[in-house]
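data.cif (mmCIF, C-alpha atoms)
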data_structure
#
loop_
_atom_site.group_PDB
_atom_site.id
_atom_site.type_symbol
_atom_site.label_atom_id
_atom_site.label_comp_id
_atom_site.auth_asym_id
_atom_site.auth_seq_id
_atom_site.Cartn_x
_atom_site.Cartn_y
_atom_site.Cartn_z
ATOM 1 C CA GLU J 13 0.000 0.000 0.000
ATOM 2 C CA ARG J 14 2.859 2.351 0.822
ATOM 3 C CA LYS J 15 5.069 1.607 -2.184
ATOM 4 C CA ARG J 16 2.163 0.932 -4.603
ATOM 5 C CA GLU J 17 4.096 -2.014 -6.021
ATOM 6 C CA ASN J 18 4.468 -5.731 -5.330
ATOM 7 C CA LYS J 19 8.242 -5.924 -5.541
ATOM 8 C CA ARG J 20 8.345 -9.626 -4.722
ATOM 9 C CA PHE J 21 5.846 -11.013 -7.215
ATOM 10 C CA LEU J 22 5.302 -8.265 -9.800
ATOM 11 C CA PRO J 23 8.240 -5.840 -9.774
ATOM 12 C CA GLY J 24 8.088 -2.826 -12.053
ATOM 13 C CA VAL J 25 4.282 -2.671 -12.171
ATOM 14 C CA LYS J 26 2.732 0.250 -10.288
ATOM 15 C CA LEU J 27 -0.682 -0.365 -8.753
ATOM 16 C CA PRO J 28 -3.457 1.901 -10.109
ATOM 17 C CA PRO J 29 -4.405 4.854 -7.859
ATOM 18 C CA GLY J 30 -7.925 3.505 -7.352
ATOM 19 C CA LEU J 31 -6.755 0.127 -6.042
ATOM 20 C CA LYS J 32 -6.748 -0.216 -2.251
ATOM 21 C CA VAL J 33 -4.523 -2.844 -0.628
ATOM 22 C CA THR J 34 -5.818 -4.489 2.557
ATOM 23 C CA ALA J 35 -5.102 -7.531 4.713
ATOM 24 C CA SER J 36 -8.673 -7.476 6.067
ATOM 25 C CA MET J 37 -11.157 -9.920 4.564
ATOM 26 C CA THR J 38 -13.989 -7.845 6.043
ATOM 27 C CA THR J 39 -12.762 -4.713 4.264
ATOM 28 C CA ALA J 40 -12.208 -6.599 1.017
ATOM 29 C CA LEU J 41 -15.687 -8.144 0.938
ATOM 30 C CA HIS J 42 -17.682 -5.179 2.248
ATOM 31 C CA ARG J 43 -20.270 -4.209 -0.399
ATOM 32 C CA ALA J 44 -18.289 -6.096 -3.071
ATOM 33 C CA GLU J 45 -20.015 -6.605 -6.415
ATOM 34 C CA VAL J 46 -17.303 -8.816 -7.935
ATOM 35 C CA VAL J 47 -14.918 -10.952 -5.860
ATOM 36 C CA VAL J 48 -11.833 -12.217 -7.715
ATOM 37 C CA LEU J 49 -10.059 -15.249 -6.271
ATOM 38 C CA ALA J 50 -6.418 -15.337 -7.397
ATOM 39 C CA VAL J 51 -4.663 -17.587 -4.894
ATOM 40 C CA PRO J 52 -2.759 -20.837 -5.528
ATOM 41 C CA SER J 53 -5.161 -23.785 -5.707
ATOM 42 C CA LYS J 54 -3.750 -25.461 -2.593
ATOM 43 C CA PHE J 55 -4.677 -22.404 -0.480
ATOM 44 C CA LEU J 56 -8.174 -21.886 -1.903
ATOM 45 C CA ARG J 57 -10.140 -23.977 0.563
ATOM 46 C CA ASN J 58 -8.687 -22.158 3.605
ATOM 47 C CA ILE J 59 -9.439 -18.785 2.009
ATOM 48 C CA LEU J 60 -13.022 -19.874 1.305
ATOM 49 C CA VAL J 61 -13.536 -20.897 4.948
ATOM 50 C CA ILE J 62 -12.499 -17.401 6.052
ATOM 51 C CA MET J 63 -14.739 -15.833 3.407
ATOM 52 C CA LYS J 64 -17.690 -17.900 4.574
ATOM 53 C CA LYS J 65 -17.177 -16.785 8.183
ATOM 54 C CA THR J 66 -16.822 -13.166 7.119
ATOM 55 C CA GLY J 67 -19.821 -13.262 4.810
ATOM 56 C CA VAL J 68 -19.954 -12.681 1.072
ATOM 57 C CA PRO J 69 -22.536 -10.159 -0.197
ATOM 58 C CA SER J 70 -25.379 -12.164 -1.721
ATOM 59 C CA LYS J 71 -25.332 -10.240 -5.013
ATOM 60 C CA ALA J 72 -21.579 -10.509 -5.506
ATOM 61 C CA VAL J 73 -20.277 -12.528 -8.443
ATOM 62 C CA ILE J 74 -17.281 -14.705 -7.562
ATOM 63 C CA VAL J 75 -14.644 -14.960 -10.294
ATOM 64 C CA SER J 76 -11.910 -17.588 -10.129
ATOM 65 C CA VAL J 77 -8.674 -17.022 -12.054
ATOM 66 C CA ILE J 78 -7.059 -20.100 -10.451
ATOM 67 C CA LYS J 79 -5.636 -22.668 -12.858
ATOM 68 C CA GLY J 80 -5.583 -25.906 -10.910
ATOM 69 C CA LEU J 81 -7.499 -28.843 -9.420
ATOM 70 C CA ASP J 82 -8.255 -29.626 -5.787
ATOM 71 C CA ILE J 83 -5.630 -32.181 -4.765
ATOM 72 C CA ILE J 84 -7.970 -33.879 -2.258
ATOM 73 C CA THR J 85 -11.342 -33.944 -4.004
ATOM 74 C CA LEU J 86 -9.973 -33.666 -7.590
ATOM 75 C CA LYS J 87 -12.682 -31.086 -8.271
ATOM 76 C CA ARG J 88 -12.378 -27.979 -10.397
ATOM 77 C CA MET J 89 -11.966 -24.633 -8.646
ATOM 78 C CA SER J 90 -15.521 -23.443 -9.326
ATOM 79 C CA GLU J 91 -16.857 -26.699 -7.849
ATOM 80 C CA THR J 92 -14.678 -26.191 -4.775
ATOM 81 C CA ILE J 93 -15.917 -22.615 -4.382
ATOM 82 C CA LYS J 94 -19.568 -23.618 -4.659
ATOM 83 C CA GLY J 95 -19.211 -26.619 -2.362
ATOM 84 C CA THR J 96 -17.287 -24.780 0.352
ATOM 85 C CA LEU J 97 -19.148 -21.470 0.444
ATOM 86 C CA GLN J 98 -22.576 -23.088 0.029
ATOM 87 C CA THR J 99 -24.143 -19.800 -1.003
ATOM 88 C CA GLY J 100 -26.245 -18.722 -3.943
ATOM 89 C CA ASN J 101 -23.554 -16.455 -5.388
ATOM 90 C CA ARG J 102 -22.997 -16.608 -9.127
ATOM 91 C CA ILE J 103 -19.609 -18.093 -10.030
ATOM 92 C CA ALA J 104 -17.472 -17.486 -13.115
ATOM 93 C CA VAL J 105 -13.975 -18.465 -14.237
ATOM 94 C CA LEU J 106 -11.498 -16.370 -16.204
ATOM 95 C CA SER J 107 -8.638 -18.051 -18.031
ATOM 96 C CA GLY J 108 -6.447 -17.877 -21.113
ATOM 97 C CA PRO J 109 -2.912 -16.946 -22.211
ATOM 98 C CA SER J 110 -2.236 -14.109 -19.784
ATOM 99 C CA HIS J 111 1.064 -13.910 -17.921
ATOM 100 C CA ALA J 112 0.708 -11.271 -15.198
ATOM 101 C CA GLU J 113 4.136 -9.855 -16.037
ATOM 102 C CA GLU J 114 2.760 -8.751 -19.418
ATOM 103 C CA VAL J 115 -0.806 -7.854 -18.417
ATOM 104 C CA GLY J 116 0.613 -5.555 -15.733
ATOM 105 C CA LYS J 117 2.540 -3.718 -18.434
ATOM 106 C CA LYS J 118 -0.572 -3.432 -20.641
ATOM 107 C CA VAL J 119 0.634 -5.825 -23.318
ATOM 108 C CA PRO J 120 -2.365 -6.708 -25.587
ATOM 109 C CA THR J 121 -3.955 -9.876 -24.201
ATOM 110 C CA ALA J 122 -7.056 -11.968 -24.982
ATOM 111 C CA VAL J 123 -8.760 -14.287 -22.477
ATOM 112 C CA VAL J 124 -12.117 -16.016 -21.955
ATOM 113 C CA ILE J 125 -14.594 -15.778 -19.082
ATOM 114 C CA ALA J 126 -17.156 -18.511 -18.491
ATOM 115 C CA SER J 127 -20.219 -18.892 -16.332
ATOM 116 C CA GLY J 128 -23.107 -21.331 -16.439
ATOM 117 C CA ALA J 129 -25.318 -18.382 -17.418
ATOM 118 C CA ILE J 130 -24.017 -16.701 -20.576
ATOM 119 C CA LYS J 131 -25.600 -13.394 -19.489
ATOM 120 C CA THR J 132 -23.339 -13.389 -16.423
ATOM 121 C CA SER J 133 -20.334 -14.012 -18.679
ATOM 122 C CA GLU J 134 -21.354 -11.123 -20.922
ATOM 123 C CA ILE J 135 -21.724 -8.748 -17.959
ATOM 124 C CA LEU J 136 -18.287 -9.696 -16.637
ATOM 125 C CA GLN J 137 -16.871 -9.488 -20.141
ATOM 126 C CA LYS J 138 -17.599 -5.774 -20.072
ATOM 127 C CA VAL J 139 -16.270 -5.385 -16.517
ATOM 128 C CA PHE J 140 -12.858 -6.841 -17.308
ATOM 129 C CA SER J 141 -12.319 -5.685 -20.898
ATOM 130 C CA SER J 142 -10.067 -2.715 -21.692
ATOM 131 C CA GLU J 143 -8.055 -1.345 -24.578
ATOM 132 C CA TYR J 144 -5.306 -3.911 -23.883
ATOM 133 C CA PHE J 145 -7.312 -6.758 -22.268
ATOM 134 C CA ARG J 146 -9.882 -8.372 -24.575
ATOM 135 C CA VAL J 147 -12.353 -10.797 -22.982
ATOM 136 C CA TYR J 148 -14.443 -13.393 -24.827
ATOM 137 C CA ALA J 149 -17.602 -14.848 -23.223
ATOM 138 C CA SER J 150 -18.419 -18.539 -22.807
ATOM 139 C CA SER J 151 -20.820 -20.799 -20.925
ATOM 140 C CA ASP J 152 -18.422 -23.784 -20.884
ATOM 141 C CA VAL J 153 -17.028 -23.555 -17.361
ATOM 142 C CA THR J 154 -15.664 -27.105 -17.422
ATOM 143 C CA GLY J 155 -13.743 -26.615 -20.668
ATOM 144 C CA VAL J 156 -12.231 -23.312 -19.561
ATOM 145 C CA GLU J 157 -11.110 -24.698 -16.200
ATOM 146 C CA ILE J 158 -9.708 -27.998 -17.457
ATOM 147 C CA GLY J 159 -7.848 -26.256 -20.280
ATOM 148 C CA GLY J 160 -6.338 -23.743 -17.870
ATOM 149 C CA ALA J 161 -5.317 -26.376 -15.323
ATOM 150 C CA VAL J 162 -3.977 -29.283 -17.362
ATOM 151 C CA LYS J 163 -1.905 -27.169 -19.756
ATOM 152 C CA ASN J 164 0.427 -26.598 -16.787
ATOM 153 C CA VAL J 165 1.234 -30.309 -16.754
ATOM 154 C CA ILE J 166 2.124 -30.238 -20.450
ATOM 155 C CA ALA J 167 4.232 -27.102 -19.849
ATOM 156 C CA LEU J 168 6.215 -29.010 -17.221
ATOM 157 C CA ALA J 169 6.827 -31.709 -19.822
ATOM 158 C CA LYS J 170 7.906 -29.114 -22.382
ATOM 159 C CA GLY J 171 10.411 -27.773 -19.889
ATOM 160 C CA VAL J 172 11.768 -31.281 -19.414
ATOM 161 C CA LEU J 173 12.411 -31.433 -23.172
ATOM 162 C CA ASP J 174 14.264 -28.113 -22.944
ATOM 163 C CA GLY J 175 16.386 -29.472 -20.123
ATOM 164 C CA LEU J 176 17.206 -32.542 -22.202
ATOM 165 C CA GLU J 177 18.066 -30.229 -25.123
ATOM 166 C CA LEU J 178 15.727 -32.023 -27.511
ATOM 167 C CA GLY J 179 14.544 -30.353 -30.696
ATOM 168 C CA ASP J 180 11.596 -28.511 -32.193
ATOM 169 C CA ASN J 181 10.209 -31.753 -33.649
ATOM 170 C CA THR J 182 9.895 -33.186 -30.146
ATOM 171 C CA VAL J 183 8.296 -30.025 -28.781
ATOM 172 C CA ALA J 184 5.718 -29.925 -31.585
ATOM 173 C CA ALA J 185 4.821 -33.554 -30.971
ATOM 174 C CA LEU J 186 4.500 -33.000 -27.227
ATOM 175 C CA MET J 187 2.259 -29.943 -27.512
ATOM 176 C CA THR J 188 0.016 -31.552 -30.129
ATOM 177 C CA ARG J 189 -0.440 -34.795 -28.241
ATOM 178 C CA GLY J 190 -0.648 -32.884 -24.977
ATOM 179 C CA LEU J 191 -3.605 -30.941 -26.315
ATOM 180 C CA ALA J 192 -5.190 -34.253 -27.329
ATOM 181 C CA GLU J 193 -4.903 -35.428 -23.719
ATOM 182 C CA ILE J 194 -6.416 -32.200 -22.387
ATOM 183 C CA LYS J 195 -9.344 -32.601 -24.785
ATOM 184 C CA ARG J 196 -9.801 -36.253 -23.877
ATOM 185 C CA LEU J 197 -10.153 -35.421 -20.187
ATOM 186 C CA ALA J 198 -12.255 -32.302 -20.678
ATOM 187 C CA LEU J 199 -14.725 -33.972 -23.035
ATOM 188 C CA LYS J 200 -15.163 -36.889 -20.636
ATOM 189 C CA LEU J 201 -16.095 -34.321 -17.975
ATOM 190 C CA GLY J 202 -18.666 -32.666 -20.257
ATOM 191 C CA ALA J 203 -16.717 -29.827 -21.897
ATOM 192 C CA ARG J 204 -17.094 -28.672 -25.487
ATOM 193 C CA GLN J 205 -14.294 -29.324 -27.978
ATOM 194 C CA GLU J 206 -14.410 -25.787 -29.419
ATOM 195 C CA THR J 207 -13.487 -24.418 -25.981
ATOM 196 C CA LEU J 208 -10.282 -26.450 -25.946
ATOM 197 C CA ASN J 209 -9.502 -25.230 -29.472
ATOM 198 C CA GLY J 210 -9.731 -21.670 -28.150
ATOM 199 C CA LEU J 211 -7.943 -19.366 -25.739
ATOM 200 C CA SER J 212 -8.181 -21.523 -22.623
ATOM 201 C CA GLY J 213 -6.985 -24.631 -24.461
ATOM 202 C CA THR J 214 -4.695 -24.057 -27.420
ATOM 203 C CA GLY J 215 -3.892 -20.435 -26.528
ATOM 204 C CA ASP J 216 -2.936 -21.047 -22.910
ATOM 205 C CA LEU J 217 -1.003 -24.182 -23.848
ATOM 206 C CA ILE J 218 1.119 -22.239 -26.346
ATOM 207 C CA VAL J 219 1.994 -19.391 -23.991
ATOM 208 C CA THR J 220 2.737 -21.600 -20.980
ATOM 209 C CA CYS J 221 4.899 -24.020 -22.933
ATOM 210 C CA MET J 222 6.858 -21.373 -24.824
ATOM 211 C CA SER J 223 7.125 -18.303 -22.578
ATOM 212 C CA ARG J 224 10.159 -17.197 -20.588
ATOM 213 C CA HIS J 225 7.655 -16.152 -17.879
ATOM 214 C CA SER J 226 6.318 -19.698 -17.407
ATOM 215 C CA ARG J 227 7.166 -21.073 -13.973
ATOM 216 C CA ASN J 228 5.961 -24.535 -14.947
ATOM 217 C CA ARG J 229 8.184 -24.681 -18.013
ATOM 218 C CA ALA J 230 11.126 -23.478 -15.915
ATOM 219 C CA VAL J 231 10.557 -26.185 -13.287
ATOM 220 C CA GLY J 232 10.412 -28.807 -16.026
ATOM 221 C CA GLU J 233 13.659 -27.561 -17.546
ATOM 222 C CA ARG J 234 15.474 -27.947 -14.235
ATOM 223 C CA LEU J 235 14.049 -31.453 -13.870
ATOM 224 C CA GLY J 236 15.319 -32.272 -17.348
ATOM 225 C CA LYS J 237 18.775 -31.111 -16.325
ATOM 226 C CA GLY J 238 18.772 -33.532 -13.404
ATOM 227 C CA GLU J 239 17.769 -31.375 -10.416
ATOM 228 C CA LYS J 240 15.525 -32.854 -7.746
ATOM 229 C CA LEU J 241 11.989 -31.536 -7.319
ATOM 230 C CA GLU J 242 12.429 -30.661 -3.636
ATOM 231 C CA LYS J 243 15.450 -28.470 -4.369
ATOM 232 C CA ILE J 244 13.673 -26.723 -7.248
ATOM 233 C CA LEU J 245 10.545 -25.913 -5.237
ATOM 234 C CA SER J 246 12.481 -24.719 -2.190
ATOM 235 C CA SER J 247 14.338 -22.197 -4.357
ATOM 236 C CA MET J 248 11.151 -20.615 -5.756
ATOM 237 C CA ASN J 249 9.213 -17.617 -4.419
ATOM 238 C CA MET J 250 6.112 -18.412 -6.433
ATOM 239 C CA VAL J 251 3.974 -21.519 -6.942
ATOM 240 C CA ALA J 252 4.228 -23.753 -10.022
ATOM 241 C CA GLU J 253 0.626 -24.998 -10.192
ATOM 242 C CA GLY J 254 1.549 -27.806 -12.570
ATOM 243 C CA VAL J 255 3.235 -29.852 -9.841
ATOM 244 C CA THR J 256 0.085 -30.182 -7.739
ATOM 245 C CA THR J 257 -2.094 -30.434 -10.838
ATOM 246 C CA THR J 258 -0.039 -33.341 -12.176
ATOM 247 C CA LYS J 259 -0.855 -35.402 -9.103
ATOM 248 C CA ALA J 260 -4.532 -34.423 -9.149
ATOM 249 C CA CYS J 261 -4.867 -34.947 -12.900
ATOM 250 C CA TYR J 262 -3.152 -38.339 -12.719
ATOM 251 C CA ARG J 263 -5.602 -39.472 -10.047
ATOM 252 C CA LEU J 264 -8.617 -38.012 -11.845
ATOM 253 C CA ALA J 265 -7.691 -39.692 -15.143
ATOM 254 C CA LYS J 266 -7.383 -43.039 -13.351
ATOM 255 C CA ARG J 267 -10.708 -42.515 -11.586
ATOM 256 C CA ILE J 268 -12.707 -41.753 -14.732
ATOM 257 C CA LYS J 269 -10.645 -44.041 -16.991
ATOM 258 C CA VAL J 270 -9.118 -41.502 -19.390
ATOM 259 C CA GLU J 271 -5.828 -42.353 -21.124
ATOM 260 C CA MET J 272 -3.212 -39.623 -20.496
ATOM 261 C CA PRO J 273 0.281 -41.020 -21.194
ATOM 262 C CA ILE J 274 2.109 -37.660 -20.987
ATOM 263 C CA VAL J 275 0.481 -36.894 -17.635
ATOM 264 C CA ASN J 276 1.417 -40.398 -16.456
ATOM 265 C CA GLU J 277 5.076 -39.880 -17.345
ATOM 266 C CA MET J 278 5.208 -36.452 -15.693
ATOM 267 C CA TYR J 279 3.751 -38.021 -12.559
ATOM 268 C CA GLU J 280 6.492 -40.671 -12.643
ATOM 269 C CA ILE J 281 9.193 -38.009 -13.076
ATOM 270 C CA LEU J 282 7.866 -35.737 -10.332
ATOM 271 C CA PHE J 283 6.826 -38.219 -7.675
ATOM 272 C CA LYS J 284 8.581 -41.499 -8.480
ATOM 273 C CA GLY J 285 12.000 -40.180 -9.464
ATOM 274 C CA LYS J 286 11.878 -41.523 -12.999
ATOM 275 C CA ASP J 287 14.700 -40.484 -15.308
ATOM 276 C CA PRO J 288 13.255 -38.000 -17.866
ATOM 277 C CA LYS J 289 15.140 -39.773 -20.681
ATOM 278 C CA ASN J 290 13.353 -42.999 -19.823
ATOM 279 C CA ALA J 291 10.021 -41.171 -19.797
ATOM 280 C CA VAL J 292 10.633 -39.887 -23.342
ATOM 281 C CA ALA J 293 11.625 -43.400 -24.448
ATOM 282 C CA LYS J 294 8.441 -44.813 -22.898
ATOM 283 C CA LEU J 295 6.263 -42.340 -24.801
ATOM 284 C CA MET J 296 8.067 -42.976 -28.094
ATOM 285 C CA GLY J 297 7.815 -46.736 -27.653
ATOM 286 C CA ARG J 298 4.068 -46.894 -27.059
ATOM 287 C CA LYS J 299 1.961 -49.140 -29.308
ATOM 288 C CA LEU J 300 1.466 -47.588 -32.748
ATOM 289 C CA LYS J 301 -2.027 -46.271 -33.432
ATOM 290 C CA ARG J 302 -4.077 -44.105 -35.770
ATOM 291 C CA GLU J 303 -4.172 -40.352 -35.234
ATOM 292 C CA ALA J 304 -7.645 -39.461 -34.087
ATOM 293 C CA GLY J 305 -7.346 -35.999 -32.505
ATOM 294 C CA ILE J 306 -8.388 -37.090 -29.033
#
Before anything else, please render the file you have as structure tokens.
Amino acid sequence: ERKRENKRFLPGVKLPPGLKVTASMTTALHRAEVVVLAVPSKFLRNILVIMKKTGVPSKAVIVSVIKGLDIITLKRMSETIKGTLQTGNRIAVLSGPSHAEEVGKKVPTAVVIASGAIKTSEILQKVFSSEYFRVYASSDVTGVEIGGAVKNVIALAKGVLDGLELGDNTVAALMTRGLAEIKRLALKLGARQETLNGLSGTGDLIVTCMSRHSRNRAVGERLGKGEKLEKILSSMNMVAEGVTTTKACYRLAKRIKVEMPIVNEMYEILFKGKDPKNAVAKLMGRKLKREAGI
């Protein structure tokens, strides 16, 4: 509040004059019309418990920008919000290729916002849109959330390829088949394929796999170079959502019987200590099959 800048997480970006910083949940929620939840997925449930005790205005719309899955229940963030708060508040999710480092500097960005009621999405579309932040409206909450969460797992895998110093051919194959896995899971959960072809699927996958800002890609690269996960995570100030999401996604895929070989191999690398070179060999040696998109 004093320096009008978050030097730890977003250095070089001055907070707008109209933005008030507070550590009080009561102050933050008082008369709120839109409540944006932007915390790491593993902290969401605790934040929601505090919000419930404080009281959320009944007319407030809750917007999640969290790209992850609940590690315990394996539910999407909007499901966790609804189940924990147990209120009648409208819920929406905002996702897409939007690194904060660039949005904060007003770099042109396009994202998608989804709510079960398209009218709610269209209202919020106008709230969040600006000359440098373009928002598309959707009613496919499942597709937007699964695309935003699982792309982090594929970005970890892309980083592993970077660490192994493999080529563009390998990266193209990974991203294409990674998108197929994201679609396979999302469609099984009731999403629409066109959503995964859009900003929260293809778009977010591209930016997270290829960007220098991507924490998930960076973690994967260090894994590919032989560093241990514990050492990598202990050296970071910020959260790489893909690590938690890999475990949740692996479990969810097993539960609902969806084939996700890239997710399986990332799980083995992260939590079983598998050599990344062996993981690549396992993927390349899988039974030959026809290409069928998903």
Problem - Residues within 10 Å of (-11.4, -7.9, -5.2), counting all atoms listed in the file, listed as a ChimeraX atom specification - result: /J:31-33,37,40-41,44-50,74-75
Handout entry: Output of the PyMOL selection byres ((chain J and resi 121-133) around 6), listed as number ranges by chain
Key = J: 104-108, 120, 134-137, 145-153
List, as a short mmCIF file (atom, residue, chain, number, x, y, z; two decimals) with C-alpha atoms, in the frame of the given file, every residue that the PyMOL selection byres ((chain J and resi 167) around 12) selects in the file provided.
data_model
loop_
_atom_site.label_atom_id
_atom_site.label_comp_id
_atom_site.auth_asym_id
_atom_site.auth_seq_id
_atom_site.Cartn_x
_atom_site.Cartn_y
_atom_site.Cartn_z
CA GLY J 160 -6.34 -23.74 -17.87
CA ALA J 161 -5.32 -26.38 -15.32
CA VAL J 162 -3.98 -29.28 -17.36
CA LYS J 163 -1.90 -27.17 -19.76
CA ASN J 164 0.43 -26.60 -16.79
CA VAL J 165 1.23 -30.31 -16.75
CA ILE J 166 2.12 -30.24 -20.45
CA LEU J 168 6.22 -29.01 -17.22
CA ALA J 169 6.83 -31.71 -19.82
CA LYS J 170 7.91 -29.11 -22.38
CA GLY J 171 10.41 -27.77 -19.89
CA VAL J 172 11.77 -31.28 -19.41
CA LEU J 173 12.41 -31.43 -23.17
CA ASP J 174 14.26 -28.11 -22.94
CA VAL J 183 8.30 -30.02 -28.78
CA LEU J 186 4.50 -33.00 -27.23
CA MET J 187 2.26 -29.94 -27.51
CA THR J 188 0.02 -31.55 -30.13
CA GLY J 190 -0.65 -32.88 -24.98
CA LEU J 191 -3.60 -30.94 -26.32
CA ASP J 216 -2.94 -21.05 -22.91
CA LEU J 217 -1.00 -24.18 -23.85
CA ILE J 218 1.12 -22.24 -26.35
CA VAL J 219 1.99 -19.39 -23.99
CA THR J 220 2.74 -21.60 -20.98
CA CYS J 221 4.90 -24.02 -22.93
CA MET J 222 6.86 -21.37 -24.82
CA SER J 223 7.12 -18.30 -22.58
CA ARG J 224 10.16 -17.20 -20.59
CA HIS J 225 7.66 -16.15 -17.88
CA SER J 226 6.32 -19.70 -17.41
CA ARG J 227 7.17 -21.07 -13.97
CA ASN J 228 5.96 -24.54 -14.95
CA ARG J 229 8.18 -24.68 -18.01
CA ALA J 230 11.13 -23.48 -15.92
CA VAL J 231 10.56 -26.18 -13.29
CA GLY J 232 10.41 -28.81 -16.03
CA GLU J 233 13.66 -27.56 -17.55
CA ALA J 252 4.23 -23.75 -10.02
CA GLU J 253 0.63 -25.00 -10.19
CA GLY J 254 1.55 -27.81 -12.57
CA VAL J 255 3.24 -29.85 -9.84
CA THR J 257 -2.09 -30.43 -10.84
CA THR J 258 -0.04 -33.34 -12.18
CA ILE J 274 2.11 -37.66 -20.99
CA VAL J 275 0.48 -36.89 -17.64
CA MET J 278 5.21 -36.45 -15.69
#
Handout entry: Selection result for the PyMOL selection byres ((chain J and resi 194) around 8) on this file, as a PyMOL selection string
Key = chain J and resi 158-159+162-163+190-193+195-198+208+213
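The list of residues with at least one atom within 8 Å of Met89 in chain J, based on all atoms listed in the file and without residues fewer than 4 positions apart in the same chain, reads Ser53, Ser76, Ile78, Lys79, Gly80, Leu81, Asp82, Ile93 and Glu157 of chain J.
The smallest atom-to-atom distance between Leu86 in chain J and any of J:Leu264, J:Ala293, J:Leu300, J:Val51, using only C-alpha atoms, is found for J:Leu264.
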